[in-house]
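File shown: work.csv (CSV, N, CA and C atoms).
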chain,number,residue,atom,x,y,z
A,1,GLN,N,45.8,103.9,122.4
A,1,GLN,CA,45.2,102.6,122.7
A,1,GLN,C,44.3,102.2,121.6
A,2,VAL,N,44.1,100.9,121.4
A,2,VAL,CA,43.2,100.3,120.5
A,2,VAL,C,42.2,99.5,121.2
A,3,GLN,N,41.0,99.6,120.9
A,3,GLN,CA,39.9,98.8,121.5
A,3,GLN,C,39.4,97.9,120.4
A,4,LEU,N,39.3,96.6,120.7
A,4,LEU,CA,38.8,95.6,119.7
A,4,LEU,C,37.5,94.9,120.3
A,5,VAL,N,36.5,94.9,119.5
A,5,VAL,CA,35.2,94.3,120.0
A,5,VAL,C,34.8,93.3,119.0
A,6,GLU,N,34.7,92.0,119.4
A,6,GLU,CA,34.3,90.9,118.6
A,6,GLU,C,32.7,90.8,118.6
A,7,SER,N,32.2,90.2,117.6
A,7,SER,CA,30.8,89.9,117.6
A,7,SER,C,30.6,88.8,116.6
A,8,GLY,N,29.4,88.2,116.6
A,8,GLY,CA,29.0,87.2,115.6
A,8,GLY,C,29.1,85.7,116.1
A,9,GLY,N,29.5,85.5,117.3
A,9,GLY,CA,29.5,84.1,117.8
A,9,GLY,C,28.1,83.6,118.1
A,10,GLY,N,28.0,82.3,118.4
A,10,GLY,CA,26.7,81.8,118.7
A,10,GLY,C,26.8,80.2,118.7
A,11,LEU,N,25.6,79.7,118.7
A,11,LEU,CA,25.5,78.2,118.6
A,11,LEU,C,25.0,77.8,117.2
A,12,VAL,N,25.7,76.8,116.7
A,12,VAL,CA,25.4,76.4,115.3
A,12,VAL,C,25.6,74.9,115.3
A,13,GLN,N,24.9,74.2,114.4
A,13,GLN,CA,25.1,72.8,114.2
A,13,GLN,C,26.3,72.5,113.4
A,14,ALA,N,26.8,71.3,113.5
A,14,ALA,CA,28.0,70.9,112.7
A,14,ALA,C,27.6,71.0,111.2
A,15,GLY,N,28.5,71.5,110.5
A,15,GLY,CA,28.3,71.8,109.0
A,15,GLY,C,27.8,73.2,108.7
A,16,GLY,N,27.4,73.9,109.8
A,16,GLY,CA,26.9,75.2,109.6
A,16,GLY,C,28.0,76.3,109.4
A,17,SER,N,27.6,77.5,109.4
A,17,SER,CA,28.5,78.7,109.2
A,17,SER,C,28.2,79.8,110.2
A,18,LEU,N,29.3,80.5,110.5
A,18,LEU,CA,29.2,81.7,111.2
A,18,LEU,C,30.2,82.7,110.7
A,19,ARG,N,29.9,84.0,110.9
A,19,ARG,CA,30.8,85.1,110.5
A,19,ARG,C,31.1,85.9,111.7
A,20,LEU,N,32.3,85.9,112.1
A,20,LEU,CA,32.8,86.8,113.2
A,20,LEU,C,33.2,88.1,112.6
A,21,SER,N,33.0,89.1,113.4
A,21,SER,CA,33.5,90.5,113.1
A,21,SER,C,34.3,91.0,114.3
A,22,CYS,N,35.3,91.8,114.0
A,22,CYS,CA,36.1,92.5,115.0
A,22,CYS,C,36.2,93.9,114.6
A,23,ALA,N,35.6,94.8,115.4
A,23,ALA,CA,35.7,96.2,115.1
A,23,ALA,C,36.8,96.9,116.0
A,24,ALA,N,37.6,97.7,115.3
A,24,ALA,CA,38.7,98.4,116.0
A,24,ALA,C,38.3,99.9,116.2
A,25,SER,N,38.7,100.4,117.3
A,25,SER,CA,38.5,101.9,117.5
A,25,SER,C,39.7,102.4,118.3
A,26,GLY,N,39.8,103.7,118.4
A,26,GLY,CA,40.9,104.3,119.2
A,26,GLY,C,42.1,104.6,118.2
A,27,ARG,N,43.2,104.2,118.5
A,27,ARG,CA,44.4,104.5,117.7
A,27,ARG,C,44.2,103.9,116.3
A,28,THR,N,44.9,104.5,115.3
A,28,THR,CA,44.7,104.0,113.9
A,28,THR,C,44.8,102.5,113.8
A,29,PHE,N,44.0,102.0,112.9
A,29,PHE,CA,43.9,100.6,112.6
A,29,PHE,C,45.1,100.2,111.7
A,30,SER,N,45.6,101.2,111.0
A,30,SER,CA,46.7,100.8,110.1
A,30,SER,C,48.1,101.1,110.7
A,31,PRO,N,49.1,100.5,110.1
A,31,PRO,CA,49.1,99.5,109.0
A,31,PRO,C,49.3,98.1,109.6
A,32,TYR,N,48.5,97.7,110.6
A,32,TYR,CA,48.8,96.5,111.3
A,32,TYR,C,48.1,95.3,110.8
A,33,ALA,N,48.8,94.2,111.0
A,33,ALA,CA,48.2,92.9,110.8
A,33,ALA,C,47.2,92.6,111.9
A,34,MET,N,46.2,91.8,111.5
A,34,MET,CA,45.2,91.4,112.4
A,34,MET,C,45.0,89.9,112.4
A,35,GLY,N,44.6,89.3,113.5
A,35,GLY,CA,44.5,87.9,113.5
A,35,GLY,C,43.3,87.4,114.4
A,36,TRP,N,43.0,86.2,114.2
A,36,TRP,CA,42.0,85.5,115.1
A,36,TRP,C,42.7,84.3,115.8
A,37,PHE,N,42.3,84.2,117.0
A,37,PHE,CA,42.8,83.1,117.9
A,37,PHE,C,41.6,82.5,118.5
A,38,ARG,N,41.8,81.3,119.1
A,38,ARG,CA,40.7,80.7,119.8
A,38,ARG,C,41.2,79.9,121.0
A,39,GLN,N,40.4,79.7,122.0
A,39,GLN,CA,40.8,79.0,123.2
A,39,GLN,C,39.6,78.1,123.6
A,40,ALA,N,39.8,76.8,123.6
A,40,ALA,CA,38.8,75.9,124.1
A,40,ALA,C,39.1,75.6,125.6
A,41,PRO,N,38.0,75.2,126.3
A,41,PRO,CA,38.2,74.9,127.7
A,41,PRO,C,39.4,73.9,127.9
A,42,GLY,N,40.2,74.3,128.9
A,42,GLY,CA,41.3,73.4,129.2
A,42,GLY,C,42.5,73.4,128.2
A,43,LYS,N,42.4,74.2,127.2
A,43,LYS,CA,43.5,74.2,126.2
A,43,LYS,C,44.1,75.6,126.1
A,44,GLN,N,45.3,75.6,125.5
A,44,GLN,CA,46.0,76.9,125.3
A,44,GLN,C,45.3,77.6,124.1
A,45,ARG,N,45.6,78.9,124.1
A,45,ARG,CA,45.1,79.7,123.0
A,45,ARG,C,45.8,79.3,121.7
A,46,GLU,N,45.0,79.2,120.7
A,46,GLU,CA,45.5,78.7,119.4
A,46,GLU,C,45.4,79.8,118.3
A,47,TYR,N,46.4,79.9,117.6
A,47,TYR,CA,46.5,80.9,116.5
A,47,TYR,C,45.7,80.3,115.3
A,48,VAL,N,44.7,81.0,114.9
A,48,VAL,CA,43.8,80.5,113.8
A,48,VAL,C,44.1,81.1,112.5
A,49,ALA,N,44.1,82.4,112.4
A,49,ALA,CA,44.3,83.0,111.1
A,49,ALA,C,44.9,84.4,111.3
A,50,ARG,N,45.5,84.9,110.2
A,50,ARG,CA,46.1,86.2,110.2
A,50,ARG,C,46.0,86.9,108.9
A,51,ILE,N,45.9,88.2,108.8
A,51,ILE,CA,45.8,88.9,107.5
A,51,ILE,C,46.7,90.2,107.7
A,52,ASN,N,47.4,90.5,106.6
A,52,ASN,CA,48.2,91.7,106.7
A,52,ASN,C,47.4,92.9,106.4
A,53,TRP,N,48.1,94.1,106.4
A,53,TRP,CA,47.3,95.3,106.3
A,53,TRP,C,46.6,95.4,104.9
A,54,THR,N,47.3,95.0,103.9
A,54,THR,CA,46.7,95.1,102.5
A,54,THR,C,45.8,94.0,102.2
A,55,GLY,N,45.8,93.0,103.0
A,55,GLY,CA,44.8,91.9,102.7
A,55,GLY,C,45.3,90.9,101.7
A,56,ASP,N,46.5,91.0,101.2
A,56,ASP,CA,47.0,90.1,100.2
A,56,ASP,C,47.9,89.0,100.7
A,57,ASN,N,48.0,88.9,102.0
A,57,ASN,CA,48.8,87.9,102.6
A,57,ASN,C,48.1,87.4,103.8
A,58,THR,N,47.8,86.1,103.8
A,58,THR,CA,47.0,85.5,104.9
A,58,THR,C,47.7,84.2,105.4
A,59,TYR,N,47.3,83.8,106.6
A,59,TYR,CA,47.8,82.6,107.2
A,59,TYR,C,46.7,81.9,107.9
A,60,TYR,N,46.6,80.5,107.8
A,60,TYR,CA,45.6,79.7,108.4
A,60,TYR,C,46.3,78.6,109.1
A,61,THR,N,45.9,78.2,110.3
A,61,THR,CA,46.3,77.0,110.9
A,61,THR,C,45.7,75.8,110.1
A,62,ASN,N,46.4,74.7,110.1
A,62,ASN,CA,46.1,73.6,109.2
A,62,ASN,C,44.6,73.1,109.4
A,63,SER,N,44.2,73.1,110.6
A,63,SER,CA,42.9,72.6,110.9
A,63,SER,C,41.7,73.4,110.4
A,64,VAL,N,41.9,74.6,109.9
A,64,VAL,CA,40.8,75.4,109.4
A,64,VAL,C,41.0,75.7,107.9
A,65,LYS,N,42.1,75.3,107.3
A,65,LYS,CA,42.4,75.7,105.9
A,65,LYS,C,41.2,75.1,105.0
A,66,GLY,N,40.8,75.9,104.1
A,66,GLY,CA,39.7,75.5,103.2
A,66,GLY,C,38.3,75.7,103.8
A,67,ARG,N,38.2,76.0,105.1
A,67,ARG,CA,36.9,76.2,105.8
A,67,ARG,C,36.7,77.6,106.3
A,68,PHE,N,37.8,78.2,106.7
A,68,PHE,CA,37.7,79.6,107.3
A,68,PHE,C,38.4,80.5,106.3
A,69,THR,N,37.8,81.8,106.3
A,69,THR,CA,38.4,82.8,105.5
A,69,THR,C,38.5,84.1,106.3
A,70,ILE,N,39.7,84.7,106.4
A,70,ILE,CA,39.9,85.9,107.1
A,70,ILE,C,39.9,87.1,106.0
A,71,SER,N,39.3,88.2,106.4
A,71,SER,CA,39.3,89.3,105.5
A,71,SER,C,39.2,90.6,106.3
A,72,ARG,N,39.4,91.7,105.7
A,72,ARG,CA,39.3,93.0,106.4
A,72,ARG,C,38.8,94.1,105.5
A,73,ASP,N,38.2,95.0,106.2
A,73,ASP,CA,37.7,96.3,105.5
A,73,ASP,C,38.3,97.4,106.3
A,74,ASN,N,39.4,98.0,105.7
A,74,ASN,CA,40.1,99.0,106.4
A,74,ASN,C,39.3,100.3,106.5
A,75,ALA,N,38.4,100.5,105.6
A,75,ALA,CA,37.6,101.7,105.7
A,75,ALA,C,36.7,101.6,106.9
A,76,LYS,N,36.3,100.4,107.3
A,76,LYS,CA,35.4,100.2,108.4
A,76,LYS,C,36.2,99.8,109.7
A,77,ASN,N,37.5,99.7,109.6
A,77,ASN,CA,38.3,99.3,110.7
A,77,ASN,C,37.8,97.9,111.3
A,78,THR,N,37.5,97.0,110.4
A,78,THR,CA,36.9,95.8,110.8
A,78,THR,C,37.6,94.6,110.1
A,79,VAL,N,37.8,93.5,110.9
A,79,VAL,CA,38.3,92.3,110.3
A,79,VAL,C,37.3,91.2,110.6
A,80,TYR,N,37.2,90.3,109.6
A,80,TYR,CA,36.1,89.3,109.6
A,80,TYR,C,36.8,87.9,109.6
A,81,LEU,N,36.0,86.9,110.1
A,81,LEU,CA,36.4,85.5,110.0
A,81,LEU,C,35.1,84.7,109.6
A,82,GLN,N,35.1,84.4,108.3
A,82,GLN,CA,34.0,83.5,107.8
A,82,GLN,C,34.3,82.1,108.1
A,83,MET,N,33.5,81.4,108.8
A,83,MET,CA,33.7,80.0,109.2
A,83,MET,C,32.6,79.2,108.6
A,84,ASN,N,33.0,78.3,107.7
A,84,ASN,CA,32.1,77.3,107.1
A,84,ASN,C,32.4,75.9,107.5
A,85,SER,N,31.5,75.0,107.2
A,85,SER,CA,31.7,73.6,107.5
A,85,SER,C,32.2,73.4,109.0
A,86,LEU,N,31.5,74.1,109.9
A,86,LEU,CA,32.0,74.0,111.3
A,86,LEU,C,31.9,72.6,111.9
A,87,LYS,N,32.8,72.3,112.7
A,87,LYS,CA,32.9,71.1,113.4
A,87,LYS,C,32.9,71.3,114.9
A,88,PRO,N,32.4,70.2,115.7
A,88,PRO,CA,32.4,70.4,117.1
A,88,PRO,C,33.7,70.8,117.7
A,89,GLU,N,34.8,70.4,117.1
A,89,GLU,CA,36.2,70.8,117.6
A,89,GLU,C,36.5,72.2,117.4
A,90,ASP,N,35.7,72.9,116.6
A,90,ASP,CA,35.9,74.4,116.5
A,90,ASP,C,35.3,75.2,117.6
A,91,THR,N,34.6,74.5,118.5
A,91,THR,CA,34.0,75.1,119.7
A,91,THR,C,35.1,75.8,120.6
A,92,ALA,N,35.0,77.1,120.8
A,92,ALA,CA,36.0,77.8,121.6
A,92,ALA,C,35.5,79.2,121.8
A,93,VAL,N,36.2,80.0,122.6
A,93,VAL,CA,36.1,81.4,122.6
A,93,VAL,C,37.1,82.0,121.6
A,94,TYR,N,36.5,82.8,120.6
A,94,TYR,CA,37.4,83.3,119.6
A,94,TYR,C,37.7,84.8,119.9
A,95,TYR,N,39.0,85.1,119.8
A,95,TYR,CA,39.5,86.4,120.0
A,95,TYR,C,40.2,87.0,118.8
A,96,CYS,N,40.0,88.3,118.6
A,96,CYS,CA,40.8,89.0,117.6
A,96,CYS,C,41.9,89.7,118.2
A,97,GLY,N,43.0,89.8,117.5
A,97,GLY,CA,44.2,90.5,118.0
A,97,GLY,C,44.8,91.4,117.0
A,98,LEU,N,45.5,92.4,117.4
A,98,LEU,CA,46.2,93.3,116.5
A,98,LEU,C,47.7,93.2,116.8
A,99,PHE,N,48.5,93.0,115.7
A,99,PHE,CA,49.9,92.9,115.8
A,99,PHE,C,50.5,94.3,115.5
A,100,ASP,N,51.2,94.8,116.5
A,100,ASP,CA,51.6,96.2,116.4
A,100,ASP,C,53.0,96.3,115.9
A,101,GLY,N,53.5,95.3,115.3
A,101,GLY,CA,54.9,95.3,114.7
A,101,GLY,C,55.9,94.6,115.7
A,102,ILE,N,55.5,94.5,116.9
A,102,ILE,CA,56.4,93.9,117.9
A,102,ILE,C,55.7,92.7,118.5
A,103,SER,N,54.5,92.8,118.8
A,103,SER,CA,53.8,91.7,119.5
A,103,SER,C,52.3,91.8,119.2
A,104,TRP,N,51.5,90.7,119.6
A,104,TRP,CA,50.1,90.8,119.6
A,104,TRP,C,49.7,91.5,120.9
A,105,GLY,N,49.7,92.8,120.8
A,105,GLY,CA,49.5,93.6,122.0
A,105,GLY,C,48.1,94.0,122.4
A,106,TYR,N,47.2,93.8,121.5
A,106,TYR,CA,45.8,94.2,121.7
A,106,TYR,C,44.9,93.1,121.4
A,107,TRP,N,43.9,92.9,122.3
A,107,TRP,CA,43.0,91.8,122.2
A,107,TRP,C,41.5,92.3,122.5
A,108,GLY,N,40.6,91.6,121.9
A,108,GLY,CA,39.2,91.8,122.2
A,108,GLY,C,38.8,91.0,123.4
A,109,GLN,N,37.5,91.1,123.7
A,109,GLN,CA,37.1,90.4,124.9
A,109,GLN,C,36.7,88.9,124.6
A,110,GLY,N,36.6,88.6,123.3
A,110,GLY,CA,36.2,87.2,122.9
A,110,GLY,C,34.7,87.1,122.6
A,111,THR,N,34.4,86.1,121.8
A,111,THR,CA,33.1,85.7,121.5
A,111,THR,C,33.0,84.2,121.4
A,112,GLN,N,32.0,83.7,122.0
A,112,GLN,CA,31.8,82.2,122.1
A,112,GLN,C,31.2,81.6,120.9
A,113,VAL,N,31.9,80.6,120.4
A,113,VAL,CA,31.4,79.8,119.3
A,113,VAL,C,31.2,78.4,119.8
A,114,THR,N,30.0,77.9,119.6
A,114,THR,CA,29.7,76.5,120.0
A,114,THR,C,29.1,75.8,118.9
A,115,VAL,N,29.7,74.6,118.5
A,115,VAL,CA,29.2,73.8,117.4
A,115,VAL,C,28.7,72.5,118.0
A,116,SER,N,27.4,72.2,117.8
A,116,SER,CA,26.8,71.0,118.3
A,116,SER,C,26.9,69.9,117.2
A,117,SER,N,27.0,68.7,117.7
A,117,SER,CA,27.1,67.6,116.8
A,117,SER,C,25.8,67.0,116.4
Step by step, read the file and then write its structure as structure tokens.
Amino acid sequence: QVQLVESGGGLVQAGGSLRLSCAASGRTFSPYAMGWFRQAPGKQREYVARINWTGDNTYYTNSVKGRFTISRDNAKNTVYLQMNSLKPEDTAVYYCGLFDGISWGYWGQGTQVTVSS
């Protein structure tokens, strides 16, 4: 089993920044891709960003390109999401996930991000 714990959420004004962290424990962190998802009230969970094991391949949904950066530190079993130029529409609960080669089978409990206008 893998346990994922997110941190770093909070309340920020539009244009501000936050850095989310997701620490993994339990079964080995490698060699799995990691991702960030978000879910706003009344909406489906949205795929935000993904990073492969070596960190040289990333994916971002269009709405966050140029503003968010996903990274990972495999020595610390941690994946990060640096969020800059935040907008009110970025408000959501943010979840990290681990792709085990078959599915996004592991999730954290989520961290709330609220962006005020």
Grab the atom C of A:Tyr80 to atom C of A:Leu20 distance for me, in Å with one decimal place.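 Separation of atom C of A:Tyr80 and atom C of A:Leu20: 4.7 Å.
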Distance atom CA of A:Val113-atom CA of A:Thr58, one decimal place?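 Separation between atom CA of A:Val113 and atom CA of A:Thr58: 22.0 Å.
Closest approach to A:Asn77 from the set A:Ala24, A:Ala92, A:Leu18, A:Val12 is made by A:Ala24, with distances taken over only C-alpha atoms.
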Neighbouring residues of A:Gly101 were defined as those with any atom within 8 Å, considering only C-alpha atoms; residues of the same chain fewer than 2 positions away were excluded. Please report them as an mmCIF file with N, CA and C atoms, keeping the file's coordinate frame.
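What landed in out-v4.cif:
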data_model
loop_
_atom_site.group_PDB
_atom_site.id
_atom_site.type_symbol
_atom_site.label_atom_id
_atom_site.label_comp_id
_atom_site.auth_asym_id
_atom_site.auth_seq_id
_atom_site.Cartn_x
_atom_site.Cartn_y
_atom_site.Cartn_z
ATOM 1 N N TYR A 32 48.500 97.700 110.600
ATOM 2 C CA TYR A 32 48.800 96.500 111.300
ATOM 3 C C TYR A 32 48.100 95.300 110.800
ATOM 4 N N PHE A 99 48.500 93.000 115.700
ATOM 5 C CA PHE A 99 49.900 92.900 115.800
ATOM 6 C C PHE A 99 50.500 94.300 115.500
ATOM 7 N N SER A 103 54.500 92.800 118.800
ATOM 8 C CA SER A 103 53.800 91.700 119.500
ATOM 9 C C SER A 103 52.300 91.800 119.200
#
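Distances here use only N, CA and C atoms; by that measure, the residue among A:Leu81, A:Met34, A:Ile70, A:Ala49 closest to A:Gly97 is A:Met34.
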Place a sphere of radius 7 Å on (32.1, 72.8, 107.9) in the file coordinates and name every protein, DNA or RNA residue with an atom inside or on its surface, counting all atoms listed in the file; give the answer as a PyMOL selection string. chain A and resi 14-17+67+83-87
If you keep N, CA and C atoms, can you produce a file of those selected residues as a PDB file, in the frame of the given file?
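Now in out-v9.pdb:
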ATOM      1  N   ALA A  14      26.800  71.300 113.500  1.00  0.00           N
ATOM      2  CA  ALA A  14      28.000  70.900 112.700  1.00  0.00           C
ATOM      3  C   ALA A  14      27.600  71.000 111.200  1.00  0.00           C
ATOM      4  N   GLY A  15      28.500  71.500 110.500  1.00  0.00           N
ATOM      5  CA  GLY A  15      28.300  71.800 109.000  1.00  0.00           C
ATOM      6  C   GLY A  15      27.800  73.200 108.700  1.00  0.00           C
ATOM      7  N   GLY A  16      27.400  73.900 109.800  1.00  0.00           N
ATOM      8  CA  GLY A  16      26.900  75.200 109.600  1.00  0.00           C
ATOM      9  C   GLY A  16      28.000  76.300 109.400  1.00  0.00           C
ATOM     10  N   SER A  17      27.600  77.500 109.400  1.00  0.00           N
ATOM     11  CA  SER A  17      28.500  78.700 109.200  1.00  0.00           C
ATOM     12  C   SER A  17      28.200  79.800 110.200  1.00  0.00           C
ATOM     13  N   ARG A  67      38.200  76.000 105.100  1.00  0.00           N
ATOM     14  CA  ARG A  67      36.900  76.200 105.800  1.00  0.00           C
ATOM     15  C   ARG A  67      36.700  77.600 106.300  1.00  0.00           C
ATOM     16  N   MET A  83      33.500  81.400 108.800  1.00  0.00           N
ATOM     17  CA  MET A  83      33.700  80.000 109.200  1.00  0.00           C
ATOM     18  C   MET A  83      32.600  79.200 108.600  1.00  0.00           C
ATOM     19  N   ASN A  84      33.000  78.300 107.700  1.00  0.00           N
ATOM     20  CA  ASN A  84      32.100  77.300 107.100  1.00  0.00           C
ATOM     21  C   ASN A  84      32.400  75.900 107.500  1.00  0.00           C
ATOM     22  N   SER A  85      31.500  75.000 107.200  1.00  0.00           N
ATOM     23  CA  SER A  85      31.700  73.600 107.500  1.00  0.00           C
ATOM     24  C   SER A  85      32.200  73.400 109.000  1.00  0.00           C
ATOM     25  N   LEU A  86      31.500  74.100 109.900  1.00  0.00           N
ATOM     26  CA  LEU A  86      32.000  74.000 111.300  1.00  0.00           C
ATOM     27  C   LEU A  86      31.900  72.600 111.900  1.00  0.00           C
ATOM     28  N   LYS A  87      32.800  72.300 112.700  1.00  0.00           N
ATOM     29  CA  LYS A  87      32.900  71.100 113.400  1.00  0.00           C
ATOM     30  C   LYS A  87      32.900  71.300 114.900  1.00  0.00           C
TER      31      LYS A  87
END
Please indicate the distance in Å from atom CA of A:Asn52 to atom CA of A:Asp90, rounded to one decimal place.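 Taking atom CA of A:Asn52 as the start and atom CA of A:Asp90 as the end point, the length is 23.4 Å.
Of the residues under consideration (A:Lys43, A:Ile51, A:Arg38, A:Val115), A:Val115 shows the shortest atom-to-atom contact distance to A:Glu89 when counting all atoms listed in the file.
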So, counting all atoms listed in the file, which residue among A:Gly66, A:Gln82, A:Thr91, A:Ser116 is closest to A:Arg19?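 Nearest to A:Arg19: A:Gln82.
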Quick one: of A:Ser25, A:Gln112, A:Ser117, A:Ser71, who's nearest to A:Val5, counting only C-alpha atoms?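 Smallest distance to A:Val5 is found for A:Ser25.
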Pull the neighbourhood of (41.1, 97.1, 118.6) for me: all residues within 6.5 Å in file coordinates, counting all atoms listed in the file, as a ChimeraX atom specification. /A:2-5,23-25,106-108
